[in-house]
Structure formats: C-alpha cells, structure tokens
file final.cif (mmCIF, C-alpha atoms and all ligand atoms)
data_start
#
loop_
_atom_site.label_atom_id
_atom_site.label_comp_id
_atom_site.auth_asym_id
_atom_site.auth_seq_id
_atom_site.Cartn_x
_atom_site.Cartn_y
_atom_site.Cartn_z
CA MET G 1 -40.68 -27.42 -48.46
CA LEU G 2 -39.95 -27.05 -44.73
CA THR G 3 -39.05 -30.15 -42.76
CA LEU G 4 -39.77 -30.53 -39.06
CA TYR G 5 -38.37 -33.00 -36.60
CA ASN G 6 -41.25 -33.63 -34.23
CA VAL G 7 -43.19 -36.24 -32.30
CA PRO G 8 -47.00 -36.23 -32.51
CA VAL G 9 -47.57 -35.60 -28.79
CA SER G 10 -45.12 -32.66 -28.51
CA ILE G 11 -46.63 -29.53 -26.99
CA TYR G 12 -44.14 -27.27 -28.71
CA GLY G 13 -44.63 -29.10 -32.00
CA ALA G 14 -48.38 -28.42 -31.78
CA LYS G 15 -47.67 -24.80 -30.86
CA LEU G 16 -45.56 -24.46 -34.02
CA HIS G 17 -48.23 -26.20 -36.12
CA VAL G 18 -50.66 -23.39 -35.23
CA LEU G 19 -48.30 -20.84 -36.81
CA LEU G 20 -47.59 -23.05 -39.85
CA ARG G 21 -51.32 -23.57 -40.42
CA HIS G 22 -52.10 -19.87 -39.99
CA LYS G 23 -49.41 -18.90 -42.50
CA GLU G 24 -50.46 -21.81 -44.76
CA LEU G 25 -46.86 -23.05 -45.01
CA ALA G 26 -46.40 -26.58 -46.33
CA PHE G 27 -44.17 -28.87 -44.27
CA GLU G 28 -43.23 -32.49 -43.90
CA GLU G 29 -42.48 -34.12 -40.59
CA LEU G 30 -39.75 -36.58 -39.61
CA ALA G 31 -39.41 -38.54 -36.39
CA PRO G 32 -36.13 -37.70 -34.62
CA PRO G 33 -33.71 -40.58 -35.29
CA GLY G 34 -33.46 -42.63 -32.09
CA GLY G 35 -36.14 -40.47 -30.42
CA TYR G 36 -35.79 -36.96 -29.02
CA GLY G 37 -32.98 -36.55 -26.51
CA SER G 38 -31.13 -39.53 -28.03
CA ASP G 39 -27.46 -39.45 -28.95
CA ALA G 40 -28.39 -40.21 -32.58
CA TYR G 41 -30.72 -37.20 -32.70
CA LYS G 42 -28.12 -34.99 -30.96
CA GLN G 43 -25.77 -35.75 -33.86
CA VAL G 44 -28.30 -33.84 -35.97
CA VAL G 45 -29.78 -31.34 -33.49
CA PRO G 46 -27.20 -30.61 -30.76
CA SER G 47 -29.76 -29.75 -28.06
CA GLY G 48 -31.76 -32.93 -28.76
CA ASN G 49 -35.17 -31.27 -28.47
CA VAL G 50 -38.19 -31.13 -30.74
CA PRO G 51 -39.46 -29.35 -32.69
CA ALA G 52 -36.54 -28.53 -34.95
CA MET G 53 -36.80 -27.21 -38.49
CA ILE G 54 -34.78 -27.64 -41.66
CA ASP G 55 -35.17 -24.93 -44.29
CA GLY G 56 -32.57 -25.39 -47.02
CA ASP G 57 -29.17 -25.14 -45.29
CA LEU G 58 -30.65 -23.87 -42.04
CA LEU G 59 -31.24 -26.19 -39.09
CA LEU G 60 -33.00 -24.46 -36.20
CA ALA G 61 -34.33 -25.78 -32.89
CA ASP G 62 -36.73 -24.13 -30.40
CA SER G 63 -40.30 -23.31 -31.34
CA GLU G 64 -39.86 -19.62 -30.55
CA ALA G 65 -36.72 -19.19 -32.66
CA ILE G 66 -38.44 -21.05 -35.50
CA ALA G 67 -41.61 -18.95 -35.18
CA GLU G 68 -39.67 -15.67 -35.32
CA TYR G 69 -37.65 -16.89 -38.31
CA LEU G 70 -40.80 -17.89 -40.19
CA GLU G 71 -42.46 -14.59 -39.30
CA GLU G 72 -39.55 -12.71 -40.84
CA LYS G 73 -39.33 -14.97 -43.90
CA HIS G 74 -43.10 -15.13 -44.50
CA PRO G 75 -44.47 -11.87 -43.07
CA GLU G 76 -48.04 -12.42 -44.34
CA PRO G 77 -50.32 -12.92 -42.55
CA ALA G 78 -48.50 -10.90 -39.89
CA MET G 79 -48.27 -12.64 -36.54
CA LEU G 80 -46.56 -9.80 -34.71
CA PRO G 81 -48.26 -6.42 -34.26
CA VAL G 82 -46.85 -3.29 -35.93
CA GLY G 83 -46.20 -1.10 -32.89
CA LEU G 84 -42.96 -1.46 -30.92
CA ALA G 85 -44.67 -1.89 -27.55
CA GLU G 86 -47.32 -4.24 -28.94
CA ARG G 87 -44.63 -6.46 -30.51
CA ALA G 88 -42.78 -6.60 -27.20
CA LEU G 89 -46.01 -7.53 -25.40
CA ALA G 90 -46.66 -10.37 -27.88
CA ARG G 91 -43.17 -11.70 -27.16
CA GLN G 92 -43.78 -11.35 -23.44
CA LEU G 93 -46.89 -13.50 -23.83
CA SER G 94 -44.91 -16.20 -25.65
CA ARG G 95 -42.27 -16.26 -22.94
CA PHE G 96 -44.97 -16.43 -20.27
CA HIS G 97 -46.32 -19.54 -21.95
CA ASP G 98 -42.94 -21.23 -22.41
CA THR G 99 -41.33 -20.34 -19.07
CA ARG G 100 -44.26 -19.92 -16.66
CA LEU G 101 -47.43 -21.78 -17.67
CA GLU G 102 -46.25 -24.85 -19.60
CA PRO G 103 -43.61 -25.86 -17.01
CA GLU G 104 -46.46 -26.30 -14.48
CA LEU G 105 -48.06 -28.82 -16.88
CA ARG G 106 -44.76 -30.65 -17.29
CA VAL G 107 -44.62 -31.34 -13.53
CA LEU G 108 -47.67 -33.59 -14.02
CA PHE G 109 -46.10 -35.84 -16.68
CA PRO G 110 -44.54 -38.32 -14.22
CA VAL G 111 -47.96 -38.91 -12.55
CA ILE G 112 -50.14 -39.31 -15.66
CA LYS G 113 -49.93 -43.07 -16.11
CA PRO G 114 -52.71 -44.79 -14.11
CA ASP G 115 -50.28 -46.64 -11.83
CA LYS G 116 -48.33 -43.43 -11.08
CA ARG G 117 -51.20 -41.14 -10.09
CA ASP G 118 -50.55 -39.04 -7.01
CA ALA G 119 -53.30 -36.98 -5.37
CA ALA G 120 -50.81 -34.77 -3.52
CA VAL G 121 -49.02 -33.79 -6.74
CA ALA G 122 -52.36 -33.19 -8.45
CA ALA G 123 -53.53 -30.91 -5.61
CA LYS G 124 -50.25 -28.95 -5.52
CA GLN G 125 -50.21 -28.50 -9.30
CA SER G 126 -53.88 -27.50 -9.37
CA GLY G 127 -52.86 -24.57 -7.16
CA ALA G 128 -49.77 -23.74 -9.21
CA ILE G 129 -51.67 -23.86 -12.52
CA SER G 130 -54.53 -21.78 -11.11
CA ALA G 131 -52.04 -19.15 -9.95
CA ARG G 132 -50.45 -18.96 -13.43
CA LEU G 133 -53.89 -18.74 -15.09
CA ALA G 134 -54.79 -15.86 -12.77
CA GLN G 135 -51.63 -14.09 -13.98
CA LEU G 136 -52.49 -14.90 -17.59
CA ALA G 137 -55.95 -13.36 -17.12
CA ARG G 138 -54.20 -10.01 -16.61
CA LEU G 139 -52.13 -10.35 -19.79
CA VAL G 140 -54.78 -11.31 -22.36
CA THR G 141 -57.92 -9.94 -23.88
CA ALA G 142 -61.02 -11.40 -25.51
CA THR G 143 -61.20 -8.31 -27.75
CA GLU G 144 -60.92 -9.27 -31.41
CA GLN G 145 -57.38 -8.95 -32.81
CA PRO G 146 -55.14 -10.91 -35.19
CA LEU G 147 -53.58 -14.19 -34.10
CA SER G 148 -50.04 -13.53 -32.87
CA ILE G 149 -46.93 -15.58 -32.21
CA GLY G 150 -47.61 -14.98 -28.53
CA ASP G 151 -50.96 -16.78 -28.68
CA CYS G 152 -49.93 -20.09 -30.23
CA GLY G 153 -48.95 -22.09 -27.14
CA PHE G 154 -51.97 -21.38 -24.94
CA PRO G 155 -54.67 -23.40 -26.78
CA VAL G 156 -52.30 -26.39 -26.75
CA THR G 157 -51.28 -26.28 -23.08
CA CYS G 158 -54.85 -25.52 -21.97
CA LEU G 159 -56.08 -28.52 -23.99
CA TRP G 160 -53.78 -30.64 -21.81
CA PHE G 161 -55.16 -29.08 -18.63
CA ASP G 162 -58.71 -29.92 -19.71
CA ALA G 163 -57.78 -33.44 -20.82
CA LEU G 164 -56.01 -34.16 -17.50
CA THR G 165 -58.64 -32.65 -15.20
CA GLU G 166 -60.87 -35.71 -14.89
CA PRO G 167 -58.23 -38.47 -14.97
CA LEU G 168 -55.93 -36.77 -12.45
CA GLY G 169 -58.69 -35.13 -10.39
CA LEU G 170 -57.31 -31.63 -10.96
CA ASP G 171 -59.15 -28.71 -9.42
CA ILE G 172 -58.17 -25.75 -11.60
CA ALA G 173 -59.68 -22.29 -11.07
CA TRP G 174 -60.30 -21.02 -14.60
CA PRO G 175 -60.57 -17.22 -14.80
CA PRO G 176 -63.44 -16.25 -17.14
CA GLU G 177 -61.00 -13.89 -18.91
CA VAL G 178 -58.82 -16.86 -19.88
CA ARG G 179 -61.78 -18.92 -21.08
CA ALA G 180 -62.93 -15.94 -23.20
CA TYR G 181 -59.40 -15.53 -24.60
CA LEU G 182 -59.23 -19.25 -25.50
CA ALA G 183 -62.65 -19.04 -27.16
CA ARG G 184 -61.40 -16.11 -29.26
CA LEU G 185 -58.34 -18.10 -30.33
CA ALA G 186 -60.38 -21.23 -31.11
CA ALA G 187 -62.34 -19.20 -33.69
CA PHE G 188 -59.19 -18.99 -35.87
CA PRO G 189 -59.29 -21.88 -38.38
CA ALA G 190 -55.59 -22.65 -37.74
CA VAL G 191 -56.20 -23.06 -34.02
CA ALA G 192 -59.41 -25.06 -34.49
CA ALA G 193 -57.72 -27.40 -36.98
CA GLU G 194 -54.71 -28.01 -34.76
CA LEU G 195 -56.87 -28.65 -31.69
CA ALA G 196 -59.01 -31.09 -33.70
CA ALA G 197 -55.91 -32.99 -34.84
CA TYR G 198 -53.94 -32.81 -31.59
CA GLY G 199 -56.73 -33.49 -29.06
CA PRO G 200 -57.14 -37.19 -29.97
CA VAL G 201 -53.34 -37.70 -29.83
CA VAL G 202 -53.21 -36.22 -26.32
CA ARG G 203 -56.25 -38.15 -25.07
CA GLU G 204 -54.91 -41.43 -26.43
CA TRP G 205 -51.51 -40.78 -24.84
CA ILE G 206 -53.14 -40.03 -21.47
CA GLY G 207 -55.43 -43.03 -21.72
CA GLY G 208 -52.67 -45.36 -22.89
N1 LIG F 301 -38.20 -24.32 -25.55
C1 LIG F 301 -38.31 -25.46 -26.43
C2 LIG F 301 -38.92 -26.61 -25.64
C3 LIG F 301 -39.06 -27.86 -26.48
C4 LIG F 301 -39.21 -29.09 -25.64
O1 LIG F 301 -39.07 -29.06 -24.41
N2 LIG F 301 -39.47 -30.18 -26.31
C5 LIG F 301 -39.55 -31.45 -25.64
C6 LIG F 301 -40.66 -32.29 -26.24
S1 LIG F 301 -42.24 -31.45 -26.10
C7 LIG F 301 -38.23 -32.15 -25.82
O2 LIG F 301 -37.69 -32.15 -26.90
N3 LIG F 301 -37.70 -32.75 -24.75
C8 LIG F 301 -36.49 -33.52 -24.82
C9 LIG F 301 -35.25 -32.72 -24.47
O3 LIG F 301 -35.36 -31.52 -24.21
O4 LIG F 301 -34.19 -33.34 -24.46
C10 LIG F 301 -39.20 -25.09 -27.63
O5 LIG F 301 -39.92 -24.09 -27.54
O6 LIG F 301 -39.12 -25.73 -28.68
#
call {"tool": "encode", "arguments": {"input": "final.cif", "output": "structure tokens"}}
result
Amino acid sequence: MLTLYNVPVSIYGAKLHVLLRHKELAFEELAPPGGYGSDAYKQVVPSGNVPAMIDGDLLLADSEAIAEYLEEKHPEPAMLPVGLAERALARQLSRFHDTRLEPELRVLFPVIKPDKRDAAVAAKQSGAISARLAQLARLVTATEQPLSIGDCGFPVTCLWFDALTEPLGLDIAWPPEVRAYLARLAAFPAVAAELAAYGPVVREWIGG
C-alpha cells in the first residue's frame, strides 16, 4: 500500500488525494515527524515538504512528481490525454496552478487569523487572484472531458478562495468560465469526495 506524509490542511496533499481517489489507489497517511519543515522530517524527506510518498523503496516528494509517477505506474483511468499537444497542455495547467494561482492564496496565510487581518492585503490579493482567474478562464473549458492531472489543484485552491471570501472580505472577480469549469470538475466523484472531506478541515482551520 502507498504511504503518504501529509498534514490534513495541506493544499497539495488534497490535490494529490483527488488523483488517488480517481485512480482508486489505497493509501495510508503519516504525520511528518516533528512537523513539516522540521529537522526531524528533513532527515526523512530532504526538502521537508508535504506531501511525500513512499512506494516500496521509493521516497518521492512534490505532488506533481508523485502524480506523474502514479500515472505511469497505474495508467488506468488515464489522467493525461493521448495526444502530444494535449498532454503538454494538461501539464501546463498543472504548472499554472502550482506556480501562478496557488502562490496568490499563500500570500493570505499570514493574515487569516482574526487578530492578523489586514484589509490592505485582502484588497491587493483580491486583485491578484482575480487577475490569475481571468488568465485561467482562457486555459480551461466546461466541455465534458476526462479528469486530468492538470485539473486536480483547482477545486482545492478555489475552495480556499471561497472559504476566505467572507472572513477576509475578499472581492474576487470570478469569470463564469472558471465557475463552469469548477462545476464540471465537481461532478467527478473523486473531486466531490475530496471537497466534502477537505472543506470542513479548511473551515475549521480558518475559524480556529
Ligand atoms: N510544489 C510542492 C509544494 C508543497 C508545499 O508547499 N507544501 C507545503 C504544505 S501545503 C509545505 O510542505 N511547506 C513546508 C516547506 O516547504 O518547508 C508540491 O506540489 O508538493
């Protein structure tokens, strides 16, 4: 069975769960010893980040590297398209999530706790997130197609945006194309199940 190092609130852990659920791969989860980023955990996973995966003798960190490994090891159901260009576009979408959209969410983490809220940061990030979502609207489609590796991060990060909107007073411009894309993804049982499990964890973390 696969083993993951993860923490329940991890965005990239939830992103990986979507793939694991869609491929119906069994896994167990361990908390990183000492917490992620700790010296104790870095003795195991040099980069100190979660999620990381153990599969037999293989230890692998980074959700994208893990996703591509699992796609190659367990090719059914396929989560990369067949065509060369289409596969490259799915990878482009993944990278857009990891390097463009999610980092704009991360900027908000220091101002989530009630005593740290900052209207100026919320206003600036509302603009930055809206700009990224406008870019995303040009990359995605609501047309029915299989769930791909490139899709897995967006339902998770957008759940955070929705959960933070009221408490932080965010003013995000949601392109209808992105809402339609997210609705298409939410119809996949793997996405629906992960959002149902992860949403309460996120809301409790924000509230707490
Ligand atoms: N690109 C990495 C990002 C993972 C990441 O940033 N994880 C966070 C928790 S959500 C983490 O481990 N932060 C601690 C650190 O990087 O030291 C991935 O896709 O797995």
call {"tool": "residues_around", "arguments": {"input": "final.cif", "residues": "Asp57 (chain G)", "least_positions_apart": "3", "cutoff": "12 Å", "atoms": "only C-alpha atoms", "output": "PyMOL selection string"}}
result
chain G and resi 2-3+53-54+60
call {"tool": "residues_around", "arguments": {"input": "final.cif", "residues": "region 14-24 of chain G", "least_positions_apart": "2", "cutoff": "7 Å", "atoms": "all atoms listed in the file", "output": "ChimeraX atom specification"}}
result
/G:10-12,26,63,67,76-77,152-153,156,190-191,194
call {"tool": "closest_residue", "arguments": {"input": "final.cif", "among": "G:Leu59, G:Ala65, G:Leu101, G:Ala31", "to": "ligand LIG 301 (chain F)", "atoms": "all atoms listed in the file"}}
result
G:Ala65
call {"tool": "atom_distance", "arguments": {"input": "final.cif", "atom1": "CA of Glu86 (chain G)", "atom2": "CA of Glu144 (chain G)"}}
result
14.7 Å
call {"tool": "residues_near_ligand", "arguments": {"input": "final.cif", "ligand": "ligand LIG 301 (chain F)", "cutoff": "8 Å", "atoms": "all atoms listed in the file", "output": "PyMOL selection string"}}
result
chain G and resi 7+9-13+36-38+47-52+61-65+98
call {"tool": "closest_residue", "arguments": {"input": "final.cif", "among": "G:Asn6, G:Ser148, G:Gln43, G:Ser130", "to": "Ala88 (chain G)", "atoms": "all atoms listed in the file"}}
result
G:Ser148
call {"tool": "axis_aligned_box", "arguments": {"input": "final.cif", "around": "region 70-82 of chain G", "padding_each_side": "4 Å", "output": "AutoDock Vina command-line options"}}
result
--center_x -44.8 --center_y -10.6 --center_z -39.4 --size_x 19.0 --size_y 22.6 --size_z 18.2
call {"tool": "closest_residue", "arguments": {"input": "final.cif", "among": "G:Gly35, G:Pro189, G:Arg132, G:Ala85", "to": "Thr99 (chain G)", "atoms": "only C-alpha atoms"}}
result
G:Arg132
call {"tool": "closest_residue", "arguments": {"input": "final.cif", "among": "G:Leu30, G:Val140, G:Ala123, G:Leu182", "to": "Leu168 (chain G)", "atoms": "only C-alpha atoms"}}
result
G:Ala123
call {"tool": "residues_near_point", "arguments": {"input": "final.cif", "point": "(-60.9, -9.7, -19.8)", "cutoff": "10 Å", "atoms": "all atoms listed in the file", "output": "PyMOL selection string"}}
result
chain G and resi 137-143+175-181
call {"tool": "atom_distance", "arguments": {"input": "final.cif", "atom1": "CA of Leu58 (chain G)", "atom2": "CA of Glu102 (chain G)"}}
result
27.3 Å
call {"tool": "atom_distance", "arguments": {"input": "final.cif", "atom1": "CA of Glu104 (chain G)", "atom2": "CA of Ala163 (chain G)"}}
result
14.8 Å
call {"tool": "closest_residue", "arguments": {"input": "final.cif", "among": "G:Lys42, G:Leu133, G:Leu170, G:Gly150", "to": "Val111 (chain G)", "atoms": "all atoms listed in the file"}}
result
G:Leu170
call {"tool": "residues_around", "arguments": {"input": "final.cif", "residues": "Leu195 (chain G)", "least_positions_apart": "3", "cutoff": "8 Å", "atoms": "all atoms listed in the file", "output": "PyMOL selection string"}}
result
chain G and resi 155-156+159+191-192+198-199
call {"tool": "write_last_selection", "arguments": {"input": "final.cif", "atoms": "C-alpha atoms", "output": "short mmCIF file (atom, residue, chain, number, x, y, z; two decimals), in the coordinates of the input"}}
result
data_model
loop_
_atom_site.label_atom_id
_atom_site.label_comp_id
_atom_site.auth_asym_id
_atom_site.auth_seq_id
_atom_site.Cartn_x
_atom_site.Cartn_y
_atom_site.Cartn_z
CA PRO G 155 -54.67 -23.40 -26.78
CA VAL G 156 -52.30 -26.39 -26.75
CA LEU G 159 -56.08 -28.52 -23.99
CA VAL G 191 -56.20 -23.06 -34.02
CA ALA G 192 -59.41 -25.06 -34.49
CA TYR G 198 -53.94 -32.81 -31.59
CA GLY G 199 -56.73 -33.49 -29.06
#
call {"tool": "residues_around", "arguments": {"input": "final.cif", "residues": "Glu68 (chain G)", "least_positions_apart": "3", "cutoff": "10 Å", "atoms": "all atoms listed in the file", "output": "PyMOL selection string"}}
result
chain G and resi 63-65+71-75+79-80+91+149
call {"tool": "write_last_selection", "arguments": {"input": "final.cif", "atoms": "C-alpha atoms", "output": "PDB file, in the frame of the given file"}}
result
ATOM      1  CA  SER G  63     -40.300 -23.310 -31.340  1.00  0.00           C
ATOM      2  CA  GLU G  64     -39.860 -19.620 -30.550  1.00  0.00           C
ATOM      3  CA  ALA G  65     -36.720 -19.190 -32.660  1.00  0.00           C
ATOM      4  CA  GLU G  71     -42.460 -14.590 -39.300  1.00  0.00           C
ATOM      5  CA  GLU G  72     -39.550 -12.710 -40.840  1.00  0.00           C
ATOM      6  CA  LYS G  73     -39.330 -14.970 -43.900  1.00  0.00           C
ATOM      7  CA  HIS G  74     -43.100 -15.130 -44.500  1.00  0.00           C
ATOM      8  CA  PRO G  75     -44.470 -11.870 -43.070  1.00  0.00           C
ATOM      9  CA  MET G  79     -48.270 -12.640 -36.540  1.00  0.00           C
ATOM     10  CA  LEU G  80     -46.560  -9.800 -34.710  1.00  0.00           C
ATOM     11  CA  ARG G  91     -43.170 -11.700 -27.160  1.00  0.00           C
ATOM     12  CA  ILE G 149     -46.930 -15.580 -32.210  1.00  0.00           C
TER      13      ILE G 149
END
call {"tool": "closest_residue", "arguments": {"input": "final.cif", "among": "G:Leu4, G:Ala187, G:Leu105, G:Ala173", "to": "Gly127 (chain G)", "atoms": "all atoms listed in the file"}}
result
G:Ala173
call {"tool": "decode", "arguments": {"input": "final.cif", "residues": "region 49-63 of chain G", "atoms": "N, CA and C atoms", "output": "mmCIF file, in the first residue's frame"}}
result
data_model
loop_
_atom_site.group_PDB
_atom_site.id
_atom_site.type_symbol
_atom_site.label_atom_id
_atom_site.label_comp_id
_atom_site.auth_asym_id
_atom_site.auth_seq_id
_atom_site.Cartn_x
_atom_site.Cartn_y
_atom_site.Cartn_z
ATOM 1 N N ASN G 49 9.069 19.103 2.684
ATOM 2 C CA ASN G 49 7.698 19.498 2.347
ATOM 3 C C ASN G 49 6.762 18.291 2.242
ATOM 4 N N VAL G 50 5.485 18.588 2.422
ATOM 5 C CA VAL G 50 4.437 17.588 2.223
ATOM 6 C C VAL G 50 3.596 18.022 1.029
ATOM 7 N N PRO G 51 3.001 17.069 0.302
ATOM 8 C CA PRO G 51 3.030 15.640 0.543
ATOM 9 C C PRO G 51 4.322 15.001 0.025
ATOM 10 N N ALA G 52 4.653 13.862 0.655
ATOM 11 C CA ALA G 52 5.695 12.981 0.134
ATOM 12 C C ALA G 52 5.110 11.571 0.144
ATOM 13 N N MET G 53 5.633 10.725 -0.709
ATOM 14 C CA MET G 53 5.070 9.383 -0.874
ATOM 15 C C MET G 53 6.150 8.323 -0.726
ATOM 16 N N ILE G 54 5.797 7.237 -0.063
ATOM 17 C CA ILE G 54 6.669 6.057 -0.029
ATOM 18 C C ILE G 54 5.948 4.945 -0.778
ATOM 19 N N ASP G 55 6.643 4.382 -1.780
ATOM 20 C CA ASP G 55 6.105 3.231 -2.503
ATOM 21 C C ASP G 55 7.240 2.203 -2.584
ATOM 22 N N GLY G 56 7.211 1.225 -1.681
ATOM 23 C CA GLY G 56 8.324 0.279 -1.620
ATOM 24 C C GLY G 56 9.597 1.013 -1.224
ATOM 25 N N ASP G 57 10.625 0.928 -2.100
ATOM 26 C CA ASP G 57 11.912 1.567 -1.810
ATOM 27 C C ASP G 57 11.950 3.033 -2.250
ATOM 28 N N LEU G 58 10.897 3.471 -2.912
ATOM 29 C CA LEU G 58 10.910 4.829 -3.473
ATOM 30 C C LEU G 58 10.324 5.836 -2.500
ATOM 31 N N LEU G 59 11.063 6.902 -2.244
ATOM 32 C CA LEU G 59 10.563 8.045 -1.471
ATOM 33 C C LEU G 59 10.565 9.233 -2.421
ATOM 34 N N LEU G 60 9.415 9.876 -2.560
ATOM 35 C CA LEU G 60 9.268 10.927 -3.566
ATOM 36 C C LEU G 60 8.490 12.084 -2.964
ATOM 37 N N ALA G 61 9.007 13.301 -3.108
ATOM 38 C CA ALA G 61 8.284 14.491 -2.655
ATOM 39 C C ALA G 61 7.866 15.310 -3.866
ATOM 40 N N ASP G 62 6.875 16.150 -3.680
ATOM 41 C CA ASP G 62 6.298 17.068 -4.677
ATOM 42 C C ASP G 62 5.094 16.403 -5.338
ATOM 43 N N SER G 63 3.942 17.055 -5.165
ATOM 44 C CA SER G 63 2.682 16.469 -5.635
ATOM 45 C C SER G 63 2.710 16.161 -7.135
#
